[in-house]
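**Q** So that you have it, the file is input_11.txt, and it contains compact mmCIF, C-alpha atoms:
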# COMPACT_ATOMS: atom_id res chain seq x y z
CA MET A 39 15.66 76.18 -151.56
CA ASN A 40 12.21 77.61 -152.30
CA ARG A 41 11.76 80.85 -150.27
CA ASN A 42 8.43 79.79 -148.80
CA ILE A 43 9.85 76.48 -147.61
CA PHE A 44 12.85 78.27 -146.06
CA LEU A 45 10.60 80.73 -144.18
CA LEU A 46 8.19 78.00 -143.10
CA SER A 47 11.06 75.90 -141.77
CA ILE A 48 12.34 78.81 -139.65
CA CYS A 49 8.84 79.61 -138.38
CA GLN A 50 8.32 75.91 -137.61
CA ALA A 51 11.47 75.99 -135.46
CA LEU A 52 10.33 79.06 -133.55
CA GLY A 53 6.61 78.35 -133.30
CA MET A 54 6.94 74.67 -132.40
CA ALA A 55 9.39 75.49 -129.56
CA ALA A 56 6.33 75.97 -127.35
CA ALA A 57 5.45 72.27 -127.59
CA PRO A 58 8.63 70.74 -126.05
CA MET A 59 8.75 73.62 -123.58
CA ILE A 60 5.27 72.87 -122.28
CA VAL A 61 5.94 69.12 -122.40
CA LEU A 62 8.82 69.77 -120.01
CA VAL A 63 7.29 72.36 -117.66
CA GLY A 64 3.54 72.00 -118.16
CA GLY A 65 3.23 69.02 -115.84
CA ILE A 66 5.63 70.57 -113.33
CA ILE A 67 3.73 73.86 -113.21
CA GLY A 68 0.52 71.84 -113.20
CA SER A 69 1.72 69.87 -110.17
CA ASP A 70 2.27 73.16 -108.31
CA LEU A 71 -1.03 74.78 -109.29
CA ALA A 72 -3.50 71.93 -109.78
CA PRO A 73 -6.02 71.07 -107.05
CA SER A 74 -5.30 67.36 -107.62
CA ALA A 75 -2.20 65.44 -108.72
CA SER A 76 -4.20 63.62 -111.39
CA LEU A 77 -4.79 67.00 -113.09
CA SER A 78 -1.09 67.84 -113.30
CA THR A 79 -0.81 67.10 -117.04
CA LEU A 80 -4.05 68.93 -117.85
CA PRO A 81 -2.25 72.07 -119.16
CA LEU A 82 -0.38 69.96 -121.71
CA ALA A 83 -3.56 68.08 -122.57
CA ILE A 84 -5.41 71.39 -122.99
CA MET A 85 -2.69 72.55 -125.40
CA VAL A 86 -3.42 69.49 -127.51
CA VAL A 87 -7.17 70.14 -127.19
CA GLY A 88 -6.50 73.64 -128.50
CA GLY A 89 -4.87 72.13 -131.57
CA ALA A 90 -7.93 69.97 -132.16
CA LEU A 91 -10.46 72.76 -131.56
CA PHE A 92 -8.69 75.20 -133.89
CA SER A 93 -7.88 72.70 -136.66
CA LEU A 94 -11.14 73.23 -138.56
CA PRO A 95 -11.23 77.04 -138.10
CA ALA A 96 -7.54 77.32 -139.06
CA ALA A 97 -7.94 75.48 -142.36
CA LEU A 98 -11.20 77.24 -143.23
CA LEU A 99 -9.78 80.68 -142.34
CA MET A 100 -6.85 80.13 -144.69
CA GLY A 101 -9.32 79.15 -147.38
CA LYS A 102 -10.79 82.65 -146.98
CA VAL A 103 -7.79 84.92 -146.29
CA GLY A 104 -4.85 82.87 -147.60
CA ARG A 105 -1.92 81.14 -145.93
CA ARG A 106 0.07 84.27 -145.03
CA TYR A 107 -2.61 86.07 -143.04
CA GLY A 108 -3.90 82.84 -141.56
CA PHE A 109 -0.48 81.92 -140.19
CA MET A 110 0.05 85.45 -138.83
CA THR A 111 -3.30 85.19 -137.02
CA GLY A 112 -2.20 81.95 -135.35
CA SER A 113 1.05 83.51 -134.10
CA ALA A 114 -0.85 86.51 -132.74
CA LEU A 115 -3.13 84.16 -130.82
CA ALA A 116 -0.10 82.40 -129.29
CA LEU A 117 1.50 85.74 -128.40
CA ALA A 118 -1.56 86.72 -126.40
CA ALA A 119 -1.69 83.28 -124.77
CA SER A 120 1.96 83.49 -123.68
CA LEU A 121 1.26 86.77 -121.89
CA LEU A 122 -1.80 85.17 -120.29
CA ALA A 123 0.40 82.33 -118.99
CA ILE A 124 2.58 84.87 -117.18
CA GLN A 125 -0.53 86.31 -115.53
CA ALA A 126 -1.62 82.80 -114.50
CA ILE A 127 1.75 82.14 -112.85
CA ILE A 128 1.63 85.48 -111.01
CA THR A 129 -1.86 84.78 -109.64
CA MET A 130 -1.25 81.03 -109.11
CA ASN A 131 -4.38 80.36 -111.19
CA PHE A 132 -4.37 76.82 -112.56
CA TYR A 133 -7.36 77.23 -114.84
CA LEU A 134 -6.06 80.50 -116.29
CA PHE A 135 -2.82 78.66 -117.09
CA CYS A 136 -4.88 75.98 -118.85
CA LEU A 137 -6.61 78.71 -120.87
CA ALA A 138 -3.19 80.04 -121.88
CA THR A 139 -2.02 76.62 -123.09
CA LEU A 140 -5.31 76.31 -125.00
CA GLY A 141 -4.37 79.43 -126.98
CA ILE A 142 -0.82 78.20 -127.57
CA GLY A 143 -2.30 74.92 -128.77
CA GLY A 144 -4.61 76.83 -131.09
CA ASN A 145 -1.56 78.17 -132.89
CA MET A 146 -0.28 74.60 -133.25
CA ALA A 147 -3.27 73.97 -135.53
CA PHE A 148 -2.02 76.78 -137.78
CA ILE A 149 1.56 75.48 -137.62
CA GLN A 150 0.38 72.03 -138.70
CA GLN A 151 -0.83 73.67 -141.91
CA TYR A 152 2.75 74.73 -142.75
CA ARG A 153 3.35 71.33 -144.31
CA PHE A 154 0.42 71.77 -146.69
CA ALA A 155 1.62 75.27 -147.63
CA ALA A 156 5.00 73.70 -148.43
CA ALA A 157 3.34 71.03 -150.58
CA GLU A 158 1.56 73.78 -152.53
CA SER A 159 4.91 75.50 -153.21
CA VAL A 160 6.46 72.64 -155.23
CA THR A 161 5.68 70.22 -158.03
CA PRO A 162 3.86 66.96 -157.10
CA GLU A 163 6.96 64.76 -157.29
CA ARG A 164 8.71 66.94 -154.66
CA VAL A 165 5.88 67.01 -152.12
CA GLY A 166 7.47 64.47 -149.75
CA ARG A 167 10.75 66.40 -149.69
CA ALA A 168 8.99 69.75 -149.17
CA ILE A 169 7.00 68.40 -146.22
CA SER A 170 10.08 66.87 -144.61
CA MET A 171 12.16 70.06 -145.10
CA VAL A 172 9.56 72.14 -143.24
CA LEU A 173 9.48 69.59 -140.44
CA VAL A 174 13.28 69.93 -140.18
CA GLY A 175 12.52 73.13 -138.28
CA GLY A 176 11.40 70.90 -135.44
CA ILE A 177 15.07 70.00 -134.83
CA MET A 178 15.73 73.53 -133.64
CA ALA A 179 12.40 73.56 -131.78
CA ALA A 180 13.59 70.54 -129.81
CA LEU A 181 16.57 72.57 -128.59
CA ILE A 182 14.94 75.98 -128.25
CA GLY A 183 11.92 74.91 -126.19
CA PRO A 184 13.50 73.09 -123.23
CA GLU A 185 16.54 75.39 -123.14
CA LEU A 186 14.25 78.42 -123.15
CA ALA A 187 12.30 76.94 -120.25
CA LYS A 188 15.41 76.20 -118.18
CA HIS A 189 17.53 79.30 -118.77
CA SER A 190 14.88 82.02 -118.79
CA ARG A 191 12.64 80.64 -116.05
CA ASP A 192 13.78 83.25 -113.50
CA TRP A 193 14.36 86.20 -115.80
CA LEU A 194 11.25 87.89 -114.41
CA PRO A 195 10.65 88.20 -110.64
CA LEU A 196 7.02 87.14 -111.11
CA GLY A 197 7.19 83.43 -110.35
CA PRO A 198 8.89 80.26 -111.66
CA TYR A 199 8.90 80.04 -115.47
CA SER A 200 7.33 83.48 -115.97
CA GLY A 201 10.51 84.47 -117.83
CA SER A 202 10.15 81.39 -120.05
CA PHE A 203 6.76 82.54 -121.29
CA ALA A 204 8.00 86.12 -121.77
CA SER A 205 10.72 84.69 -124.04
CA LEU A 206 8.09 82.66 -125.84
CA ALA A 207 6.05 85.82 -126.45
CA ALA A 208 9.10 87.45 -128.05
CA ILE A 209 9.48 84.45 -130.35
CA TYR A 210 5.93 84.85 -131.62
CA VAL A 211 6.58 88.51 -132.41
CA ILE A 212 9.52 87.40 -134.58
CA ASN A 213 7.32 84.77 -136.25
CA ILE A 214 4.66 87.32 -137.18
CA VAL A 215 7.29 89.45 -138.91
CA LEU A 216 8.78 86.48 -140.81
CA LEU A 217 5.40 85.14 -141.91
CA SER A 218 4.55 88.52 -143.46
CA PHE A 219 7.19 87.74 -146.14
CA LEU A 220 5.46 84.54 -147.36
CA SER A 221 4.60 84.68 -151.06
CA VAL A 222 1.32 83.48 -152.54
CA THR A 223 1.85 80.25 -154.49
CA MET A 224 0.39 79.54 -157.89
CA LYS A 225 -1.60 76.63 -156.46
CA GLU A 226 -3.03 78.78 -153.67
CA ASN A 227 -3.96 81.61 -156.04
CA ALA A 228 -5.38 79.45 -158.82
CA VAL A 229 -9.09 79.29 -159.52
CA VAL A 230 -9.94 75.61 -159.44
CA THR A 231 -12.62 74.46 -161.81
CA GLY A 232 -14.55 71.21 -162.03
CA ILE A 233 -17.13 69.42 -159.93
CA LYS A 234 -16.28 68.95 -156.26
CA ARG A 235 -16.97 65.39 -155.17
CA PRO A 236 -19.50 64.66 -152.44
CA PHE A 237 -17.87 64.63 -149.03
CA ALA A 238 -18.51 60.92 -148.45
CA GLN A 239 -16.89 60.00 -151.76
CA MET A 240 -13.73 61.87 -150.78
CA ALA A 241 -13.64 60.85 -147.12
CA PHE A 242 -14.22 57.12 -147.53
CA GLN A 243 -11.52 56.44 -150.11
CA PRO A 244 -9.06 53.81 -148.84
CA LEU A 245 -6.09 56.15 -149.37
CA PHE A 246 -7.74 59.04 -147.52
CA LEU A 247 -8.74 56.80 -144.61
CA THR A 248 -5.28 55.24 -144.41
CA ALA A 249 -3.63 58.68 -144.42
CA VAL A 250 -5.90 60.01 -141.68
CA LEU A 251 -5.44 56.89 -139.55
CA ALA A 252 -1.65 57.12 -139.97
CA GLY A 253 -1.67 60.63 -138.53
CA LEU A 254 -4.09 59.59 -135.80
CA VAL A 255 -1.98 56.64 -134.64
CA ALA A 256 1.33 58.50 -134.97
CA TYR A 257 0.19 61.44 -132.88
CA SER A 258 -1.98 59.54 -130.37
CA VAL A 259 0.65 56.97 -129.41
CA MET A 260 3.48 59.50 -129.41
CA THR A 261 1.53 61.99 -127.28
CA PHE A 262 0.24 59.35 -124.87
CA ILE A 263 3.76 58.19 -124.05
CA MET A 264 5.50 61.57 -124.28
CA THR A 265 2.99 63.36 -122.03
CA ALA A 266 3.51 60.81 -119.28
CA THR A 267 7.32 60.81 -119.53
CA PRO A 268 8.15 63.90 -117.40
CA ILE A 269 5.72 62.76 -114.69
CA SER A 270 7.10 59.21 -114.69
CA MET A 271 10.74 60.34 -114.76
CA HIS A 272 10.83 63.47 -112.59
CA ILE A 273 7.96 62.99 -110.13
CA ILE A 274 7.57 59.21 -109.78
CA ASP A 275 11.09 57.87 -110.49
CA GLY A 276 12.94 60.89 -109.10
CA PHE A 277 15.19 61.78 -112.04
CA SER A 278 16.50 65.36 -112.07
CA LEU A 279 14.92 68.10 -114.17
CA ASP A 280 18.10 68.19 -116.29
CA ASP A 281 17.87 64.46 -117.01
CA THR A 282 14.19 64.77 -117.82
CA ALA A 283 14.82 67.78 -120.08
CA TRP A 284 17.58 65.87 -121.87
CA VAL A 285 15.26 62.95 -122.63
CA VAL A 286 12.52 65.30 -123.87
CA GLU A 287 15.01 67.22 -126.03
CA CYS A 288 16.37 64.00 -127.55
CA HIS A 289 12.82 62.76 -128.19
CA VAL A 290 11.74 65.91 -130.01
CA MET A 291 14.99 65.99 -132.00
CA ALA A 292 14.37 62.36 -132.94
CA MET A 293 10.93 63.40 -134.17
CA PHE A 294 12.39 65.93 -136.62
CA ILE A 295 16.00 65.00 -137.51
CA PRO A 296 14.72 62.18 -139.80
CA SER A 297 13.00 64.92 -141.82
CA LEU A 298 16.45 65.60 -143.31
CA PHE A 299 16.09 62.35 -145.25
CA SER A 300 12.59 60.87 -144.79
CA GLY A 301 11.31 62.65 -147.91
CA PHE A 302 14.11 61.09 -149.95
CA LEU A 303 13.40 57.68 -148.41
CA ILE A 304 9.76 57.99 -149.48
CA ASP A 305 10.90 58.75 -153.04
CA ARG A 306 13.32 55.80 -152.97
CA PHE A 307 11.34 53.06 -151.21
CA GLY A 308 7.71 54.20 -151.38
CA ILE A 309 5.27 55.53 -148.82
CA GLY A 310 4.09 52.13 -147.55
CA LYS A 311 7.52 50.83 -146.53
CA ILE A 312 8.37 54.03 -144.68
CA MET A 313 5.05 53.97 -142.82
CA ILE A 314 5.58 50.32 -141.82
CA THR A 315 9.10 51.14 -140.60
CA GLY A 316 7.63 53.91 -138.46
CA ILE A 317 5.11 51.55 -136.88
CA LEU A 318 7.79 48.98 -136.08
CA LEU A 319 10.04 51.61 -134.47
CA MET A 320 7.18 52.82 -132.27
CA THR A 321 6.56 49.20 -131.27
CA LEU A 322 10.23 48.88 -130.27
CA CYS A 323 9.74 51.91 -128.02
CA VAL A 324 7.08 49.99 -126.09
CA LEU A 325 9.37 46.94 -125.77
CA VAL A 326 12.21 49.10 -124.38
CA ALA A 327 9.82 50.62 -121.82
CA LEU A 328 8.78 47.14 -120.72
CA TYR A 329 12.41 46.10 -120.20
CA ASN A 330 13.37 48.65 -117.53
CA GLN A 331 13.07 52.24 -116.29
CA HIS A 332 16.69 53.37 -116.08
CA LEU A 333 17.69 56.65 -117.71
CA ILE A 334 19.05 54.86 -120.78
CA HIS A 335 15.73 53.05 -121.29
CA TYR A 336 13.72 56.27 -121.08
CA TRP A 337 16.15 57.85 -123.55
CA GLY A 338 16.24 54.91 -125.97
CA GLY A 339 12.49 54.40 -125.94
CA LEU A 340 11.72 58.06 -126.53
CA VAL A 341 14.24 58.31 -129.37
CA LEU A 342 12.66 55.30 -131.09
CA LEU A 343 9.24 56.83 -130.52
CA GLY A 344 10.34 60.08 -132.18
CA ILE A 345 11.85 58.45 -135.28
CA GLY A 346 8.85 56.17 -135.66
CA TRP A 347 6.49 59.14 -135.39
CA ASN A 348 8.36 60.96 -138.16
CA PHE A 349 8.24 58.07 -140.63
CA LEU A 350 4.57 57.34 -140.02
CA PHE A 351 3.46 60.98 -139.95
CA VAL A 352 5.45 62.21 -142.99
CA GLY A 353 4.35 59.14 -144.93
CA GLY A 354 0.73 59.71 -143.95
CA THR A 355 0.89 63.39 -144.90
CA ALA A 356 2.41 62.63 -148.31
CA LEU A 357 -0.31 60.03 -148.85
CA LEU A 358 -2.99 62.53 -147.85
CA THR A 359 -1.95 65.01 -150.56
CA ARG A 360 -2.68 62.32 -153.17
CA SER A 361 -6.17 61.58 -151.90
CA TYR A 362 -8.02 64.81 -152.71
CA LEU A 363 -8.60 67.10 -155.71
CA PRO A 364 -7.12 70.63 -155.66
CA ASN A 365 -10.49 72.28 -154.94
CA GLU A 366 -11.03 69.88 -152.01
CA ARG A 367 -7.74 70.61 -150.26
CA PHE A 368 -8.91 72.86 -147.43
CA ARG A 369 -11.88 70.61 -146.62
CA ALA A 370 -9.73 67.46 -146.68
CA GLN A 371 -6.96 69.05 -144.62
CA ALA A 372 -9.47 70.35 -142.07
CA VAL A 373 -11.08 66.93 -141.66
CA ASN A 374 -7.70 65.23 -141.36
CA ASP A 375 -6.29 67.63 -138.78
CA PHE A 376 -9.48 67.75 -136.71
CA THR A 377 -9.60 63.95 -136.54
CA VAL A 378 -5.90 63.50 -135.80
CA TYR A 379 -5.67 66.17 -133.13
CA SER A 380 -8.94 65.24 -131.46
CA PHE A 381 -7.54 61.77 -130.81
CA GLN A 382 -4.21 63.29 -129.80
CA ALA A 383 -6.09 65.44 -127.29
CA ALA A 384 -7.84 62.38 -125.86
CA ALA A 385 -4.46 60.62 -125.51
CA SER A 386 -2.94 63.62 -123.77
CA LEU A 387 -5.93 64.08 -121.45
CA SER A 388 -5.81 60.47 -120.33
CA ALA A 389 -2.02 60.16 -119.92
CA GLY A 390 -1.81 61.90 -116.54
CA ALA A 391 -4.47 59.74 -114.93
CA VAL A 392 -3.17 56.52 -116.52
CA ILE A 393 0.45 57.01 -115.38
CA TYR A 394 -0.69 57.45 -111.77
CA LEU A 395 -3.24 54.61 -111.89
CA VAL A 396 -1.36 51.80 -113.69
CA GLY A 397 2.26 52.93 -114.06
CA TRP A 398 4.74 53.39 -116.88
CA LYS A 399 4.89 49.84 -118.27
CA THR A 400 1.13 49.32 -118.51
CA LEU A 401 0.72 52.76 -120.08
CA ASN A 402 3.09 51.70 -122.85
CA LEU A 403 1.34 48.34 -123.31
CA ILE A 404 -1.95 50.12 -123.98
CA SER A 405 -0.44 51.50 -127.21
CA LEU A 406 0.32 48.10 -128.77
CA PRO A 407 -3.15 47.20 -130.14
CA LEU A 408 -3.41 50.51 -131.99
CA LEU A 409 0.02 50.02 -133.56
CA MET A 410 -0.79 46.47 -134.66
CA LEU A 411 -4.10 47.62 -136.19
CA MET A 412 -2.30 50.35 -138.13
CA LEU A 413 0.23 47.82 -139.40
CA ILE A 414 -2.57 45.66 -140.82
CA ILE A 415 -4.27 48.69 -142.43
CA VAL A 416 -1.08 49.81 -144.20
CA PHE A 417 -0.43 46.28 -145.51
CA ARG A 418 -3.97 46.10 -146.87
CA ALA A 419 -3.94 49.60 -148.41
CA ASN A 420 -0.51 49.09 -150.07
CA PRO A 421 0.19 52.82 -150.53
CA SER A 422 3.64 52.26 -152.05
CA GLN A 423 3.21 53.45 -155.59
CA PRO A 424 5.07 56.66 -156.56
CA ILE A 425 3.34 60.00 -156.01
CA THR A 426 1.72 61.14 -159.24
CA GLU A 427 -0.52 63.92 -160.50
CA LYS A 428 -4.14 63.61 -159.45
How would this structure read if it were set down as C-alpha cells?
**A**
Amino acid sequence: MNRNIFLLSICQALGMAAAPMIVLVGGIIGSDLAPSASLSTLPLAIMVVGGALFSLPAALLMGKVGRRYGFMTGSALALAASLLAIQAIITMNFYLFCLATLGIGGNMAFIQQYRFAAAESVTPERVGRAISMVLVGGIMAALIGPELAKHSRDWLPLGPYSGSFASLAAIYVINIVLLSFLSVTMKENAVVTGIKRPFAQMAFQPLFLTAVLAGLVAYSVMTFIMTATPISMHIIDGFSLDDTAWVVECHVMAMFIPSLFSGFLIDRFGIGKIMITGILLMTLCVLVALYNQHLIHYWGGLVLLGIGWNFLFVGGTALLTRSYLPNERFRAQAVNDFTVYSFQAAASLSAGAVIYLVGWKTLNLISLPLLMLMLIIVFRANPSQPITEK
C-alpha cells in the first residue's frame, strides 16, 4: 500500500474518533450543562459548524503550505480544543464546551481533506480505491470513539467525561507525530500550467453540481438522523447508555466498513449505480424508523443509514475529482466542502429541536424529499462512465 495512504488511514482512525465520541456524549453533556433541553445537541451541532467554518480556510491553507503542515495544524487545533473541553466540564460552562467542540470540528475540515490527499497519491484509475482505503480508518474510529468515552470518562477527578477528553488530547499528539511523516506527492508538488477556467464555468458543470449535491445529501440526511438518535434512544425512549453506544458504534462502523470494497464496486459497476444504491439504502433507513422504535429498529435503521452514506459519499467524492482541472483542485475542494458541511451544520443544529417538537418518526420523514430529489438528479446526470484522465 502507498505510504501516504497507509498513514492517512491511521490518522483518519485516530482523528475521526472524536466524531462518534461527541455523537455519544455531546448531547448527554449538553443535557447536563445547557440552560434549555432544546439546546442539548448544540455542542454536536457546533462541532459540525466548525467543520463548515474551517472548510475554506483548511483547503486554502494547504494550497499555501502543503498537505503535511496543513494536516498537522488541524490536529494541533483539536488538541487545544480537547483541553478546553476539560476546562468547560470543570467549570460547568456550556458555552465554553461548545467552543471546544467548534475547535474539534475545525479539525474535521482538515481530516475531510485526507481523501483528496489520497487521490493525489495515486494514478487516476485508482482514485476510487484510494479514497475508500483512507475512509477505512473510520472503522477503527467507530470503535475508538465510543469506547474511549465510556472507559476513560472517570480517569480524571474533574467531572464526568473529563478523562475522555484527556485521552482524546493524547490521540491528537500521536496524530501530529504521524502526519509529520507524510511525503509530498508529485501532483501536489507539480507546477500546473494552463488557463484556469472562470469560477462559474467550473462550478456550474453538471458533474460538479451532482458531486457537490451528493455530498450535501449524504451528510445532511445522515447527520440529521444520527444527531437525534442518542436523544431519542437514551433520553426519550429510556434505552441504556450501553445500548445507545452500541447503536452509534454500529452506525459509524457501517459508514466505513463498506470502504473496504466500495472503491472496487465503483470500478466494477460505475459511479452512478453505487450512488443510487446509497440513496435507496438511506431511504430504507427511514422506512425502518417508521415501522417501530425497538432497539433492533434503531440498530437496523442506523446501519442502513451508514452503508448508504458511504456509497453516496464515496461515489460523490470520486465524481468530484473528475470535475475540475489540476490547478483548480484547492478551489473546487474548498467550495465542495464548505457547501456540504454548511448544510450538515444546519441539519445538526435543527435535529435537537425537531426531535423534541415532532418526534422520531416525523424527523425521519423530513429526509425523504431530499433523498428523492437526489435520486432524480443522479439519474439525469448519468455519472456512470469510467474515471478517465481530465
**Q** Can you work out which one of A:Val392, A:Val378, A:Met313, A:Met320 has the shortest atom-to-atom distance to Val416 in chain A, counting only C-alpha atoms?
**A**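 Of the candidates, the smallest distance to Val416 in chain A is held by A:Met313.
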**Q** Of the candidates A:Tyr257, A:Tyr362, A:Phe154, A:Phe219, which one gets nearest to Phe242 in chain A if we count all atoms listed in the file?
**A** A:Tyr362
**Q** With all atoms listed in the file as the atoms that count, which of A:Val61, A:Ile127, A:Leu318, A:Ile345 lies nearest to Pro184 in chain A?
**A**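 Using all atoms listed in the file, Pro184 in chain A sits closest to A:Val61.
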**Q** Build an axis-aligned box that encloses every atom of range 47-54 of chain A listed in the file, pad it by 3 Å on each side, and report its centre and edge lengths in Å to one decimal, as AutoDock Vina command-line options.
**A**
--center_x 9.5 --center_y 77.1 --center_z -137.1 --size_x 11.7 --size_y 10.9 --size_z 15.4
**Q** For each of A:Leu350, A:Gly112, A:Ala187, A:Ala419, take the minimum atom-to-atom distance to Asp280 in chain A, counting only C-alpha atoms, then give the residue where this is smallest.
**A**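 Between A:Leu350, A:Gly112, A:Ala187, A:Ala419, the residue approaching Asp280 in chain A most closely is A:Ala187.
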**Q** Can you work out which one of A:Gly141, A:Gly276, A:Gly397, A:Gly353 has the shortest atom-to-atom distance to Ala118 in chain A, counting only C-alpha atoms?
**A**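 Counting only C-alpha atoms, the residue closest to Ala118 in chain A is A:Gly141.
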**Q** Could you give me, as a PyMOL selection string, the residues within 6 Å of range 86-99 of chain A, counting all atoms listed in the file and dropping anything in the same chain fewer than 6 positions from it?
**A** chain A and resi 140+143-144+146-148+368+372+375-376+379-380+383
**Q** My list of candidates is A:Leu409, A:Ala389, A:Leu181, A:Ile415. Which is closest to Thr261 in chain A when distances are computed with all atoms listed in the file?
**A** A:Ala389
**Q** With only C-alpha atoms as the counted atoms, please give the residues lying no more than 10 Å from range 302-305 of chain A, apart from itself and same-chain residues fewer than 2 positions off, as a ChimeraX atom specification.
**A** /A:163-167,170,296-300,307-313,349,352-353,356,422-425
**Q** Any chance you could model N, CA and C atoms for range 306-322 of chain A and send them as an mmCIF file, keeping the file's coordinate frame?
**A**
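Contents of the output file result.cif:
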data_model
loop_
_atom_site.group_PDB
_atom_site.id
_atom_site.type_symbol
_atom_site.label_atom_id
_atom_site.label_comp_id
_atom_site.auth_asym_id
_atom_site.auth_seq_id
_atom_site.Cartn_x
_atom_site.Cartn_y
_atom_site.Cartn_z
ATOM 1 N N ARG A 306 12.509 56.976 -152.604
ATOM 2 C CA ARG A 306 13.320 55.800 -152.970
ATOM 3 C C ARG A 306 12.588 54.493 -152.729
ATOM 4 N N PHE A 307 11.917 54.355 -151.596
ATOM 5 C CA PHE A 307 11.340 53.060 -151.210
ATOM 6 C C PHE A 307 9.809 53.029 -151.257
ATOM 7 N N GLY A 308 9.166 54.175 -151.351
ATOM 8 C CA GLY A 308 7.710 54.200 -151.380
ATOM 9 C C GLY A 308 7.117 54.524 -150.013
ATOM 10 N N ILE A 309 5.929 55.079 -150.040
ATOM 11 C CA ILE A 309 5.270 55.530 -148.820
ATOM 12 C C ILE A 309 4.998 54.368 -147.865
ATOM 13 N N GLY A 310 4.505 53.256 -148.392
ATOM 14 C CA GLY A 310 4.090 52.130 -147.550
ATOM 15 C C GLY A 310 5.217 51.592 -146.696
ATOM 16 N N LYS A 311 6.400 51.400 -147.287
ATOM 17 C CA LYS A 311 7.520 50.830 -146.530
ATOM 18 C C LYS A 311 7.991 51.772 -145.426
ATOM 19 N N ILE A 312 7.955 53.067 -145.698
ATOM 20 C CA ILE A 312 8.370 54.030 -144.680
ATOM 21 C C ILE A 312 7.359 54.070 -143.539
ATOM 22 N N MET A 313 6.073 53.996 -143.857
ATOM 23 C CA MET A 313 5.050 53.970 -142.820
ATOM 24 C C MET A 313 5.174 52.722 -141.949
ATOM 25 N N ILE A 314 5.418 51.578 -142.566
ATOM 26 C CA ILE A 314 5.580 50.320 -141.820
ATOM 27 C C ILE A 314 6.805 50.399 -140.911
ATOM 28 N N THR A 315 7.897 50.970 -141.424
ATOM 29 C CA THR A 315 9.100 51.140 -140.600
ATOM 30 C C THR A 315 8.787 51.995 -139.374
ATOM 31 N N GLY A 316 8.005 53.055 -139.578
ATOM 32 C CA GLY A 316 7.630 53.910 -138.460
ATOM 33 C C GLY A 316 6.843 53.158 -137.394
ATOM 34 N N ILE A 317 5.910 52.330 -137.824
ATOM 35 C CA ILE A 317 5.110 51.550 -136.880
ATOM 36 C C ILE A 317 5.987 50.595 -136.079
ATOM 37 N N LEU A 318 6.917 49.936 -136.762
ATOM 38 C CA LEU A 318 7.790 48.980 -136.080
ATOM 39 C C LEU A 318 8.715 49.673 -135.073
ATOM 40 N N LEU A 319 9.190 50.867 -135.408
ATOM 41 C CA LEU A 319 10.040 51.610 -134.470
ATOM 42 C C LEU A 319 9.257 52.041 -133.231
ATOM 43 N N MET A 320 8.013 52.446 -133.419
ATOM 44 C CA MET A 320 7.180 52.820 -132.270
ATOM 45 C C MET A 320 6.881 51.597 -131.402
ATOM 46 N N THR A 321 6.750 50.441 -132.034
ATOM 47 C CA THR A 321 6.560 49.200 -131.270
ATOM 48 C C THR A 321 7.808 48.869 -130.452
ATOM 49 N N LEU A 322 8.985 49.088 -131.016
ATOM 50 C CA LEU A 322 10.230 48.880 -130.270
ATOM 51 C C LEU A 322 10.306 49.783 -129.047
#
